[in-house]
Every structure is written in structure tokens, then in C-alpha cells.
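Coordinates from data-v8.csv are shown below (CSV, C-alpha atoms).
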```
chain,number,residue,atom,x,y,z
G,595,MET,CA,8.2,15.3,16.0
G,596,PRO,CA,5.1,14.0,14.3
G,597,THR,CA,3.2,11.4,16.4
G,598,ALA,CA,1.3,8.8,14.5
G,599,SER,CA,-2.3,8.9,15.6
G,600,THR,CA,-3.8,5.5,15.1
G,601,HIS,CA,-7.0,7.1,13.9
G,602,GLU,CA,-5.2,9.4,11.4
G,603,VAL,CA,-3.2,6.5,9.9
G,604,THR,CA,-6.3,4.3,9.5
G,605,GLN,CA,-8.0,7.2,7.7
G,606,LEU,CA,-5.1,7.7,5.4
G,607,LEU,CA,-4.8,4.0,4.7
G,608,ARG,CA,-8.4,4.0,3.7
G,609,ALA,CA,-8.0,7.0,1.5
G,610,TRP,CA,-4.9,5.5,-0.2
G,611,SER,CA,-6.6,2.2,-0.9
G,612,ALA,CA,-9.5,4.1,-2.3
G,613,GLY,CA,-7.1,5.7,-4.8
G,614,ASP,CA,-5.9,9.0,-3.2
G,615,PRO,CA,-2.1,9.1,-4.0
G,616,HIS,CA,-1.5,12.0,-1.7
G,617,ALA,CA,-2.5,9.8,1.3
G,618,LEU,CA,0.7,7.9,1.0
G,619,ASP,CA,2.8,11.0,1.2
G,620,LYS,CA,1.2,11.8,4.5
G,621,LEU,CA,1.5,8.2,5.7
G,622,THR,CA,5.2,7.9,5.0
G,623,PRO,CA,6.5,10.2,7.7
G,624,LEU,CA,4.1,8.9,10.3
G,625,VAL,CA,4.9,5.3,9.6
G,626,TYR,CA,8.6,6.0,9.5
G,627,GLU,CA,8.6,7.9,12.8
G,628,ASP,CA,6.8,5.1,14.5
G,629,LEU,CA,8.9,2.3,12.9
G,630,HIS,CA,12.0,4.2,14.0
G,631,ARG,CA,11.0,4.5,17.6
G,632,THR,CA,9.8,0.9,17.8
G,633,ALA,CA,12.9,-0.3,16.1
G,634,ARG,CA,15.2,1.4,18.5
G,635,ARG,CA,13.5,-0.1,21.5
G,636,TYR,CA,13.6,-3.6,20.0
G,637,MET,CA,17.2,-3.4,19.0
G,638,ALA,CA,18.2,-2.2,22.5
G,639,ARG,CA,16.4,-5.3,23.9
G,640,GLU,CA,18.0,-7.5,21.2
G,641,ARG,CA,21.5,-6.4,22.4
G,642,GLN,CA,20.6,-7.5,25.9
G,643,GLU,CA,18.8,-10.7,25.1
G,644,HIS,CA,20.4,-11.7,21.8
G,645,THR,CA,17.2,-12.5,20.1
G,646,ILE,CA,15.3,-10.7,17.4
G,647,GLN,CA,11.7,-10.4,18.2
G,648,THR,CA,10.7,-9.9,14.6
G,649,THR,CA,7.1,-11.0,15.0
G,650,ALA,CA,6.5,-8.9,18.1
G,651,LEU,CA,8.0,-5.9,16.4
G,652,ILE,CA,5.8,-6.2,13.3
G,653,ASN,CA,2.7,-6.7,15.4
G,654,GLU,CA,3.5,-3.7,17.5
G,655,VAL,CA,4.0,-1.5,14.5
G,656,TYR,CA,0.7,-2.6,13.0
G,657,LEU,CA,-1.2,-2.3,16.2
G,658,ARG,CA,0.0,1.2,16.9
G,659,LEU,CA,-0.5,2.4,13.4
G,660,VAL,CA,-3.9,0.9,12.6
G,661,ASP,CA,-7.1,0.7,14.4
G,662,PHE,CA,-8.4,-2.8,13.8
G,663,ARG,CA,-11.7,-2.0,15.4
G,664,GLY,CA,-12.3,0.9,13.1
G,665,THR,CA,-15.5,0.7,11.1
G,666,GLY,CA,-15.0,-0.4,7.6
G,667,TRP,CA,-11.9,-2.4,8.5
G,668,GLN,CA,-13.5,-5.5,9.8
G,669,ASP,CA,-12.2,-7.1,6.8
G,670,ARG,CA,-8.9,-8.0,8.2
G,671,ALA,CA,-7.7,-9.6,4.9
G,672,HIS,CA,-8.2,-6.3,3.1
G,673,PHE,CA,-6.4,-4.4,5.8
G,674,PHE,CA,-3.4,-6.7,5.6
G,675,ALA,CA,-3.2,-6.5,1.9
G,676,VAL,CA,-3.3,-2.7,1.9
G,677,CYS,CA,-0.7,-2.5,4.7
G,678,ALA,CA,1.6,-4.8,2.8
G,679,LYS,CA,1.3,-2.6,-0.3
G,680,MET,CA,2.0,0.5,1.8
G,681,MET,CA,5.1,-1.1,3.4
G,682,ARG,CA,6.3,-2.1,0.0
G,683,ARG,CA,6.0,1.4,-1.4
G,684,ILE,CA,7.4,3.1,1.6
G,685,LEU,CA,10.4,0.8,2.1
G,686,THR,CA,11.2,0.6,-1.6
G,687,ASP,CA,11.0,4.4,-1.9
G,688,PHE,CA,13.3,4.7,1.1
G,689,ALA,CA,15.8,2.3,-0.4
G,690,ARG,CA,15.7,4.1,-3.7
G,691,SER,CA,16.4,7.4,-2.1
G,692,ARG,CA,19.3,5.9,-0.2
G,693,HIS,CA,20.5,4.5,-3.5
G,694,TYR,CA,20.4,8.0,-5.1
G,695,LEU,CA,22.0,9.6,-2.1
G,696,LYS,CA,24.9,7.3,-2.3
G,697,ARG,CA,27.2,7.6,0.6
G,698,GLY,CA,25.0,10.0,2.6
G,699,GLY,CA,26.3,9.9,6.2
G,700,GLY,CA,25.0,6.9,8.1
G,701,ALA,CA,22.8,5.6,5.4
G,702,PRO,CA,21.4,2.3,6.5
G,703,GLN,CA,22.0,-0.6,4.3
G,704,ILE,CA,19.1,-2.8,3.5
G,705,THR,CA,20.4,-6.0,2.2
G,706,PHE,CA,18.8,-9.4,2.3
G,707,ASP,CA,21.6,-11.4,3.4
G,708,GLU,CA,25.2,-10.6,4.0
G,709,GLY,CA,27.5,-12.3,1.6
G,710,ILE,CA,24.8,-13.2,-1.0
G,711,PHE,CA,24.0,-9.7,-2.2
G,712,VAL,CA,26.8,-7.4,-2.0
G,713,SER,CA,25.1,-4.3,-3.4
G,714,ARG,CA,27.0,-1.6,-5.1
G,715,GLU,CA,24.9,1.0,-3.4
G,716,PRO,CA,22.8,0.8,-0.2
G,717,GLY,CA,19.3,-0.1,-0.9
G,718,SER,CA,19.7,-1.3,-4.4
G,719,ASP,CA,18.7,-4.8,-3.5
G,720,LEU,CA,15.3,-3.8,-2.3
G,721,VAL,CA,14.8,-1.7,-5.4
G,722,ALA,CA,15.9,-4.7,-7.6
G,723,LEU,CA,13.5,-6.9,-5.7
G,724,ASP,CA,10.6,-4.5,-6.3
G,725,ASP,CA,11.3,-4.5,-10.0
G,726,ALA,CA,11.6,-8.3,-10.1
G,727,LEU,CA,8.4,-8.6,-8.2
G,728,ASN,CA,6.6,-6.4,-10.8
G,729,ASN,CA,7.9,-8.8,-13.5
G,730,LEU,CA,6.7,-11.8,-11.5
G,731,ALA,CA,3.2,-10.3,-11.3
G,732,GLY,CA,3.2,-10.5,-15.1
G,733,THR,CA,3.9,-14.3,-15.1
G,734,ASP,CA,2.1,-15.3,-11.9
G,735,GLU,CA,0.1,-12.6,-10.1
G,736,ARG,CA,-0.6,-14.8,-7.0
G,737,LYS,CA,3.0,-15.6,-6.4
G,738,SER,CA,3.9,-11.9,-6.4
G,739,ARG,CA,1.1,-11.3,-3.9
G,740,VAL,CA,2.4,-14.0,-1.7
G,741,VAL,CA,5.8,-12.3,-1.6
G,742,GLU,CA,4.3,-8.9,-1.1
G,743,LEU,CA,2.3,-10.1,1.9
G,744,ARG,CA,4.9,-12.2,3.5
G,745,PHE,CA,8.1,-10.2,2.9
G,746,PHE,CA,6.7,-6.6,2.8
G,747,GLY,CA,3.6,-7.2,4.9
G,748,GLY,CA,5.4,-9.5,7.4
G,749,LEU,CA,2.5,-12.0,7.4
G,750,ASN,CA,3.0,-15.6,8.3
G,751,VAL,CA,1.9,-18.5,6.1
G,752,LYS,CA,-1.5,-18.8,7.8
G,753,GLU,CA,-2.3,-15.1,7.5
G,754,THR,CA,-1.2,-15.0,3.9
G,755,ALA,CA,-3.4,-18.0,3.1
G,756,GLU,CA,-6.3,-16.2,4.8
G,757,VAL,CA,-5.8,-13.0,2.7
G,758,LEU,CA,-5.5,-14.9,-0.6
G,759,LYS,CA,-8.2,-17.4,0.2
G,760,VAL,CA,-6.0,-20.3,-0.7
G,761,SER,CA,-4.6,-23.2,1.4
G,762,GLU,CA,-1.5,-22.9,3.5
G,763,GLU,CA,0.1,-25.6,1.4
G,764,THR,CA,-0.4,-23.4,-1.7
G,765,VAL,CA,1.2,-20.4,0.0
G,766,LYS,CA,4.2,-22.5,0.9
G,767,ARG,CA,4.6,-23.8,-2.6
G,768,ASP,CA,4.1,-20.4,-4.1
G,769,TRP,CA,6.7,-18.9,-1.7
G,770,ARG,CA,9.2,-21.5,-2.5
G,771,LEU,CA,8.9,-21.1,-6.3
G,772,ALA,CA,8.6,-17.3,-6.2
G,773,LYS,CA,11.9,-17.1,-4.4
G,774,LEU,CA,13.7,-19.1,-7.1
G,775,TRP,CA,12.0,-17.1,-9.8
G,776,LEU,CA,13.0,-13.8,-8.2
G,777,LEU,CA,16.6,-14.8,-7.6
G,778,ARG,CA,16.9,-15.8,-11.2
G,779,GLU,CA,15.3,-12.6,-12.4
G,780,MET,CA,17.6,-10.5,-10.2
G,781,SER,CA,20.7,-12.3,-11.2
G,782,VAL,CA,19.9,-11.8,-14.9
G,783,GLU,CA,19.4,-8.1,-14.2
G,784,LYS,CA,22.7,-7.9,-12.5
G,785,LYS,CA,24.5,-9.5,-15.3
G,786,SER,CA,23.0,-7.3,-17.9
G,787,GLU,CA,24.0,-4.2,-15.9
G,788,ALA,CA,27.6,-5.3,-15.5
K,1164,MET,CA,5.4,-17.8,-21.0
K,1165,LYS,CA,2.0,-19.3,-21.5
K,1166,PRO,CA,0.2,-20.2,-18.3
K,1167,GLU,CA,0.1,-23.9,-19.2
K,1168,ARG,CA,3.9,-24.0,-19.8
K,1169,TRP,CA,4.5,-22.1,-16.6
K,1170,GLN,CA,2.4,-24.7,-14.8
K,1171,GLN,CA,4.5,-27.4,-16.3
K,1172,VAL,CA,7.7,-25.7,-15.1
K,1173,GLU,CA,6.3,-25.3,-11.7
K,1174,GLN,CA,5.2,-28.9,-11.3
K,1175,LEU,CA,8.6,-30.2,-12.4
K,1176,CYS,CA,10.4,-27.8,-10.1
K,1177,HIS,CA,8.3,-28.9,-7.1
K,1178,ALA,CA,8.9,-32.5,-7.9
K,1179,ALA,CA,12.6,-31.9,-8.3
K,1180,LEU,CA,12.8,-30.1,-4.9
K,1181,GLU,CA,11.7,-33.3,-3.3
K,1182,ARG,CA,14.7,-35.2,-4.7
K,1183,LYS,CA,18.1,-35.8,-3.2
K,1184,GLU,CA,20.8,-33.8,-4.9
K,1185,SER,CA,22.5,-37.0,-6.0
K,1186,GLU,CA,19.6,-38.2,-8.0
K,1187,LEU,CA,18.4,-34.8,-9.3
K,1188,ALA,CA,20.1,-34.8,-12.7
K,1189,ALA,CA,18.9,-38.2,-13.6
K,1190,PHE,CA,15.4,-37.4,-12.4
K,1191,LEU,CA,15.2,-34.2,-14.4
K,1192,ARG,CA,16.4,-35.9,-17.6
K,1193,ILE,CA,13.7,-38.6,-17.3
K,1194,ALA,CA,11.0,-36.2,-16.2
K,1195,SER,CA,11.5,-33.7,-18.9
K,1196,ALA,CA,11.2,-36.4,-21.5
K,1197,GLY,CA,13.4,-34.9,-24.2
K,1198,ASP,CA,11.9,-31.4,-23.8
K,1199,ASP,CA,15.2,-29.5,-23.6
K,1200,ALA,CA,13.6,-26.1,-23.2
K,1201,LEU,CA,11.7,-27.3,-20.2
K,1202,LEU,CA,14.8,-28.9,-18.7
K,1203,ARG,CA,16.8,-25.7,-19.1
K,1204,GLU,CA,14.0,-23.6,-17.6
K,1205,VAL,CA,13.7,-25.8,-14.6
K,1206,GLU,CA,17.4,-26.0,-14.1
K,1207,SER,CA,17.8,-22.2,-14.3
K,1208,LEU,CA,15.4,-21.9,-11.4
K,1209,LEU,CA,16.8,-24.8,-9.3
K,1210,VAL,CA,20.3,-23.4,-9.5
K,1211,HIS,CA,19.2,-20.7,-7.0
K,1212,GLN,CA,18.0,-23.2,-4.4
K,1213,LYS,CA,20.8,-22.7,-1.9
K,1214,GLN,CA,20.4,-19.0,-1.9
K,1215,ALA,CA,16.7,-19.3,-1.7
K,1216,ASP,CA,16.9,-20.8,1.8
K,1217,ARG,CA,17.8,-17.5,3.4
K,1218,PHE,CA,16.5,-15.1,0.8
K,1219,ILE,CA,13.8,-12.7,2.0
K,1220,GLU,CA,13.1,-14.9,5.0
K,1221,THR,CA,13.4,-11.9,7.3
K,1222,PRO,CA,10.5,-9.5,6.6
K,1223,ALA,CA,11.4,-6.2,5.1
K,1224,LEU,CA,10.0,-4.4,8.1
K,1225,ALA,CA,12.4,-6.1,10.4
K,1226,MET,CA,15.3,-5.5,8.1
K,1227,ALA,CA,14.3,-1.8,7.8
K,1228,ALA,CA,13.9,-1.6,11.6
K,1229,LYS,CA,17.3,-3.0,12.1
K,1230,ALA,CA,18.8,-0.6,9.5
K,1231,LEU,CA,17.0,2.3,11.1
K,1232,ALA,CA,18.1,1.4,14.6
K,1233,GLU,CA,21.7,1.0,13.6
K,1234,SER,CA,21.8,4.1,11.5
K,1235,GLY,CA,22.8,6.5,14.3
K,1236,GLU,CA,20.9,9.2,16.2
K,1237,GLU,CA,20.9,12.0,13.8
K,1238,SER,CA,20.6,10.3,10.4
K,1239,LEU,CA,16.9,9.7,10.3
K,1240,PRO,CA,14.8,11.7,12.7
K,1241,SER,CA,16.0,14.9,11.1
K,1242,ARG,CA,15.8,13.7,7.6
K,1243,GLU,CA,12.8,14.0,5.4
K,1244,PRO,CA,11.4,10.7,4.0
K,1245,PRO,CA,12.2,10.5,0.3
K,1246,ARG,CA,8.9,11.8,-0.9
K,1247,TRP,CA,10.4,14.0,-3.6
K,1248,ILE,CA,12.7,11.6,-5.4
K,1249,GLY,CA,10.9,10.2,-8.4
K,1250,ARG,CA,8.1,12.7,-8.2
K,1251,THR,CA,7.1,15.1,-10.9
K,1252,ILE,CA,6.5,18.7,-10.3
K,1253,SER,CA,4.9,20.3,-13.3
K,1254,HIS,CA,7.0,18.8,-16.1
K,1255,TYR,CA,10.2,18.3,-14.0
K,1256,ARG,CA,11.0,14.9,-12.6
K,1257,ILE,CA,13.1,15.0,-9.5
K,1258,GLU,CA,15.9,12.5,-9.6
K,1259,GLN,CA,18.5,13.1,-7.0
K,1260,GLU,CA,19.2,15.2,-4.0
K,1261,LEU,CA,22.3,17.4,-4.6
K,1262,GLY,CA,22.7,19.0,-1.2
K,1263,SER,CA,20.9,20.5,1.7
K,1264,GLY,CA,21.5,23.3,4.2
K,1265,GLY,CA,19.8,25.7,6.5
K,1266,MET,CA,17.7,27.2,3.8
K,1267,GLY,CA,16.4,24.1,2.2
K,1268,GLU,CA,17.4,21.3,-0.2
K,1269,VAL,CA,18.5,21.2,-3.8
K,1270,TYR,CA,17.5,18.4,-6.1
K,1271,ARG,CA,18.5,17.5,-9.6
K,1272,ALA,CA,15.5,17.2,-11.9
K,1273,VAL,CA,14.9,16.6,-15.6
K,1274,ARG,CA,12.1,17.6,-17.9
K,1275,ASP,CA,9.7,14.8,-18.2
K,1276,ASP,CA,7.8,15.8,-21.3
K,1277,GLN,CA,10.5,15.1,-23.9
K,1278,GLN,CA,10.4,18.8,-24.8
K,1279,TYR,CA,13.9,19.4,-23.6
K,1280,GLN,CA,16.5,17.1,-22.4
K,1281,ASN,CA,17.8,19.7,-19.9
K,1282,GLN,CA,18.6,19.0,-16.3
K,1283,VAL,CA,17.6,21.6,-13.8
K,1284,ALA,CA,18.2,22.2,-10.2
K,1285,ILE,CA,15.1,22.5,-8.0
K,1286,LYS,CA,15.5,24.1,-4.6
K,1287,LEU,CA,13.0,23.4,-1.8
K,1288,VAL,CA,13.2,26.5,0.4
K,1289,ARG,CA,11.9,26.5,3.9
K,1290,SER,CA,9.2,29.1,3.8
K,1291,GLY,CA,8.0,29.3,7.3
K,1292,PHE,CA,4.4,29.7,6.1
K,1293,ASP,CA,2.0,27.0,7.1
K,1294,THR,CA,0.2,27.0,3.8
K,1295,GLU,CA,1.2,24.8,0.9
K,1296,PHE,CA,4.0,23.8,-1.3
K,1297,ILE,CA,4.5,26.1,-4.3
K,1298,ALA,CA,6.5,25.1,-7.3
K,1299,LYS,CA,7.6,28.1,-9.2
K,1300,GLY,CA,8.4,28.5,-12.8
K,1301,PRO,CA,11.7,29.2,-14.5
K,1302,ASN,CA,12.0,32.6,-13.0
K,1303,PRO,CA,11.0,33.2,-9.4
K,1304,SER,CA,8.4,35.9,-10.3
K,1305,SER,CA,6.5,33.7,-12.8
K,1306,LYS,CA,3.3,32.0,-11.8
K,1307,PRO,CA,3.4,28.8,-9.9
K,1308,LEU,CA,3.9,25.6,-11.9
K,1309,ALA,CA,2.0,23.5,-9.5
K,1310,THR,CA,0.4,23.7,-6.1
K,1311,LEU,CA,0.9,20.7,-3.9
K,1312,PRO,CA,-1.0,19.7,-0.8
K,1313,VAL,CA,0.5,20.3,2.6
K,1314,SER,CA,1.6,17.1,4.2
K,1315,GLU,CA,3.2,18.3,7.4
K,1316,LYS,CA,3.2,21.4,9.6
K,1317,ARG,CA,6.4,22.9,8.2
K,1318,SER,CA,5.8,23.8,4.6
K,1319,ARG,CA,8.2,24.7,1.9
K,1320,ALA,CA,8.2,26.8,-1.2
K,1321,ILE,CA,9.8,25.1,-4.2
K,1322,THR,CA,11.7,27.4,-6.5
K,1323,SER,CA,13.5,26.1,-9.5
K,1324,ILE,CA,16.8,27.5,-10.6
K,1325,PRO,CA,16.8,26.2,-14.1
K,1326,ARG,CA,19.5,28.2,-15.8
K,1327,ALA,CA,19.5,25.7,-18.7
K,1328,VAL,CA,15.8,25.7,-19.1
K,1329,ALA,CA,15.4,29.4,-18.7
K,1330,ALA,CA,17.9,29.8,-21.5
K,1331,ALA,CA,16.2,27.3,-23.7
K,1332,SER,CA,12.7,28.8,-23.0
K,1333,THR,CA,13.7,32.3,-24.0
```

Would it be possible to restate this file's structure as C-alpha cells?
Amino acid sequence: MPTASTHEVTQLLRAWSAGDPHALDKLTPLVYEDLHRTARRYMARERQEHTIQTTALINEVYLRLVDFRGTGWQDRAHFFAVCAKMMRRILTDFARSRHYLKRGGGAPQITFDEGIFVSREPGSDLVALDDALNNLAGTDERKSRVVELRFFGGLNVKETAEVLKVSEETVKRDWRLAKLWLLREMSVEKKSEA
Amino acid sequence: MKPERWQQVEQLCHAALERKESELAAFLRIASAGDDALLREVESLLVHQKQADRFIETPALAMAAKALAESGEESLPSREPPRWIGRTISHYRIEQELGSGGMGEVYRAVRDDQQYQNQVAIKLVRSGFDTEFIAKGPNPSSKPLATLPVSEKRSRAITSIPRAVAAAST
């Protein structure tokens, strides 16, 4: 079982952000392994306490994966932006493979909200979101980044504002409008497929 | 959409989101001042407002963690992350996993260079050598199509079984 060494992941993240595409291939199993282990522990706790410690889970995954003190990574904003991008790639690729695998035994379904998106195949929602987000970047780059940082990176409003160097109010407004835009985009895609 | 137009749409949307539902229609009619295209654009966004309240509010990481945790003991730890799907090896694009067994995994792939439309099967064989991935050409004795970097301790050789391509190439 591969164990994510914090140092190794930090190095790989740095390589990936510098343009080495192979770094992501090496990152994926490490991040997954760690996420899986952390997730199990949190879900076990959730069953006992009936609360989802989302923020704690995300913080723990980040802290274990990346060395904040590492030289060259003092720029927290840059680190968060790279992490959000990595999570987007990894989770979307994962959803896409589930989509292709169809009913592969025990395939986890990643859907946004039960009842709203009843996907035909597991993971297709995340893939559709990724596509819609690419389209949004063409209309409004900053809004697509707000979504990437908040949804894929797990950042809160304050952290997102810090990364993008805008006010928290701007982040809130962007988030609100981006969601409407994405929902419309995704509903159009669904109709044209049907 | 031009940036100035998009800004107009945005402003009207935000203003509309402040209104009560009962006065929304009247507000939009007045605020759009006869610009029907603007009105339609804003309405087409606002129609998703209810869904938006819960949409992507849970971070993807938490959703994935939940899905992973609930996916059962054996489904993920033993499974390779999907690093092959969507990737190109030489001029073959890997599209789908067809099956797996003790010897390795078989993927469906298509030629990516518009030369042929043929589908091929690519088999990833567990080699046992801690070296590198080797993608072989149409027949197993031909020279490698590509050499890929090692990304984990257990490496695999990739051999294609492209009956259709082999036939088309000869």
C-alpha cells in the first residue's frame, strides 16, 4: 500500500504546477490512498456522532499531503490554487472512469444532491460540471476559479478571496451567479443529449 | 457574450435575487426596460435559483470521501486509479476498461490520428519487472510504441492485441 509522504507530494505538486504532466499520474494514487483512509475514519465517526466534519476532513487531507512549511510554498494562495486544480483533475478523472466502467461492482456514486441530479451513470454529474466549468471560464474566468477553489479545493469564502485577491463580497456574488450559470449550462447539455 | 453585456446580465440578476418572489416579474419587466433579450437571459438563469441553494455546497472532496467510504472494502484499495482512461499511448487513445484478471487489464482504445477508425484492445500485463511501462506495437515482437515513466513499484508491460489494426497495417 503506497503511503503518501508529505515531502513527496509537495515535490510532485510543485513539479505539476511547473508543467510536468507526469507528476499528476504519480500524485493520483498517493492522494487517493490518503483520502480513502481519512474518509473511512471520518465516516465511522459520522455514524456515531451524526455530523459530517467536512472542514476537518479537508484540512486533514491537505495537512497530511502537503508540507506548508516547505521552501517555495510560503505563498499559501498559490498552494491552494494548485491543490484545487489537482483535486479537480483527480476527482473528475475518477468520476469519468466510473462513468466508463458503468456498473462496476461497488462503484461509488458522486452526485451533488439526491433528487436533483439523477445521473444515468455514476460520476456523470461531476464530469458534466467539469465541462460546464470550462465553458464558464470562457465567459467569466474569475467565476470559474471561484467554483474551482470552493468546490474542488474546499476553500471557504475568506480563503477564496485571499487567493483571488478580491473582497469576500465579490466571492459571494460570483459564487451565487456561477451556480446559476452552471445549472443552466448543465440543463442545456442534458436536454441536447436526450 | 460581450463582457459589457454579461456585466449587465449579472447586475440585473443580483438585483433580482434581492426581490421577493411576488414582485420579481414586475421588477424584471421594469428593470429590463424593453430589452427582451436581456430579460430572457436573466430569467433563464433565475429559474435555477431553487436548485442553486443546495448545488455544489458540499465540497467535492467531502462528496468523494463519502462515496469512497461507502464503496465497500475491496472496491478501491485494490483498484488502480483511472490513469489510463483518456490517455494516449502512441496513436491509440484508451477509452474504456473491458475487463481485468490475474494477468492484467484489457482496455478498448481507438486510433487517435485519423489514420484508421479502428478500435483496438490494449492489454496491460503485469510484468513483474520494476522497470518501466512498455507499449508494444501491433505484433508483440515489434519495437515499443512508447516508453512511459514508472509511477509505482509494480510496473506493467502494455501489449496491444489489435487484430483490426494489424490487418489494416499489412

What's the 12 Å shell around Gly747 of chain G, counting all atoms listed in the file, without same-chain residues fewer than 5 positions away, as a PDB file with C-alpha atoms, in the coordinates of the input?
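Writing done, so here's out26.pdb:
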```pdb
ATOM      1  CA  THR G 649       7.100 -11.000  15.000  1.00  0.00           C
ATOM      2  CA  ILE G 652       5.800  -6.200  13.300  1.00  0.00           C
ATOM      3  CA  ASN G 653       2.700  -6.700  15.400  1.00  0.00           C
ATOM      4  CA  VAL G 655       4.000  -1.500  14.500  1.00  0.00           C
ATOM      5  CA  TYR G 656       0.700  -2.600  13.000  1.00  0.00           C
ATOM      6  CA  ALA G 671      -7.700  -9.600   4.900  1.00  0.00           C
ATOM      7  CA  HIS G 672      -8.200  -6.300   3.100  1.00  0.00           C
ATOM      8  CA  PHE G 673      -6.400  -4.400   5.800  1.00  0.00           C
ATOM      9  CA  PHE G 674      -3.400  -6.700   5.600  1.00  0.00           C
ATOM     10  CA  ALA G 675      -3.200  -6.500   1.900  1.00  0.00           C
ATOM     11  CA  VAL G 676      -3.300  -2.700   1.900  1.00  0.00           C
ATOM     12  CA  CYS G 677      -0.700  -2.500   4.700  1.00  0.00           C
ATOM     13  CA  ALA G 678       1.600  -4.800   2.800  1.00  0.00           C
ATOM     14  CA  LYS G 679       1.300  -2.600  -0.300  1.00  0.00           C
ATOM     15  CA  MET G 680       2.000   0.500   1.800  1.00  0.00           C
ATOM     16  CA  MET G 681       5.100  -1.100   3.400  1.00  0.00           C
ATOM     17  CA  ARG G 682       6.300  -2.100   0.000  1.00  0.00           C
ATOM     18  CA  ARG G 683       6.000   1.400  -1.400  1.00  0.00           C
ATOM     19  CA  ILE G 684       7.400   3.100   1.600  1.00  0.00           C
ATOM     20  CA  LEU G 685      10.400   0.800   2.100  1.00  0.00           C
ATOM     21  CA  ARG G 739       1.100 -11.300  -3.900  1.00  0.00           C
ATOM     22  CA  VAL G 740       2.400 -14.000  -1.700  1.00  0.00           C
ATOM     23  CA  VAL G 741       5.800 -12.300  -1.600  1.00  0.00           C
ATOM     24  CA  GLU G 742       4.300  -8.900  -1.100  1.00  0.00           C
ATOM     25  CA  GLU G 753      -2.300 -15.100   7.500  1.00  0.00           C
ATOM     26  CA  THR G 754      -1.200 -15.000   3.900  1.00  0.00           C
ATOM     27  CA  VAL G 757      -5.800 -13.000   2.700  1.00  0.00           C
TER      28      VAL G 757
ATOM     29  CA  ILE K1219      13.800 -12.700   2.000  1.00  0.00           C
ATOM     30  CA  THR K1221      13.400 -11.900   7.300  1.00  0.00           C
ATOM     31  CA  PRO K1222      10.500  -9.500   6.600  1.00  0.00           C
ATOM     32  CA  ALA K1223      11.400  -6.200   5.100  1.00  0.00           C
ATOM     33  CA  LEU K1224      10.000  -4.400   8.100  1.00  0.00           C
ATOM     34  CA  ALA K1225      12.400  -6.100  10.400  1.00  0.00           C
TER      35      ALA K1225
END
```

Exercise. Expressed in Å to a single decimal, how great is the separation between atom CA of Arg658 of chain G and atom CA of Ala633 of chain G?
Worked result: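 Value for the atom CA of Arg658 of chain G-atom CA of Ala633 of chain G distance: 13.0 Å.
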
Exercise. Of the candidates G:Ala726, G:Val782, G:Leu720, G:Leu774, which one gets nearest to chain K if we count all atoms listed in the file?
Worked result: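 Of all the options, G:Leu774 lies closest to chain K.
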
Exercise. In terms of the shortest atom-to-atom distance over all atoms listed in the file, which of K:Leu1191, K:Ala1228, K:Ala1178, K:Gly1197 is closest to chain G?
Worked result: K:Ala1228

For this session: Take atom CA of Ala1200 of chain K and atom CA of Asn729 of chain G and report the distance between them in Å, one decimal.
Result: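 Computing it gives 20.6 Å between the two atoms.
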
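When atom CA of His1177 of chain K is paired with atom CA of Met1164 of chain K, their separation reads 18.0 Å.
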
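If all atoms listed in the file are the atoms counted, then among K:Glu1184, K:Glu1206, K:Asp1216, K:Asp1199 the closest residue to Trp769 of chain G is K:Asp1216.
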
Exercise. Which protein, DNA or RNA residues are at most 9 Å from (-0.5, 7.5, 13.5) in the file's coordinates when you count all atoms listed in the file, listed as a PyMOL selection string?
Worked result: chain G and resi 596-604+621+624-625+628+658-660

Export of the given selection (C-alpha atoms) as a compact mmCIF listing (two decimals), in the frame of the given file:
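The result, written out as selection.txt:
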```txt
# COMPACT_ATOMS: atom_id res chain seq x y z
CA PRO G 596 5.10 14.00 14.30
CA THR G 597 3.20 11.40 16.40
CA ALA G 598 1.30 8.80 14.50
CA SER G 599 -2.30 8.90 15.60
CA THR G 600 -3.80 5.50 15.10
CA HIS G 601 -7.00 7.10 13.90
CA GLU G 602 -5.20 9.40 11.40
CA VAL G 603 -3.20 6.50 9.90
CA THR G 604 -6.30 4.30 9.50
CA LEU G 621 1.50 8.20 5.70
CA LEU G 624 4.10 8.90 10.30
CA VAL G 625 4.90 5.30 9.60
CA ASP G 628 6.80 5.10 14.50
CA ARG G 658 0.00 1.20 16.90
CA LEU G 659 -0.50 2.40 13.40
CA VAL G 660 -3.90 0.90 12.60
```

Exercise. For chain K, which residue out of G:Ala731, G:Ala650, G:Leu629, G:Leu657 is the nearest one, using all atoms listed in the file?
Worked result: G:Leu629
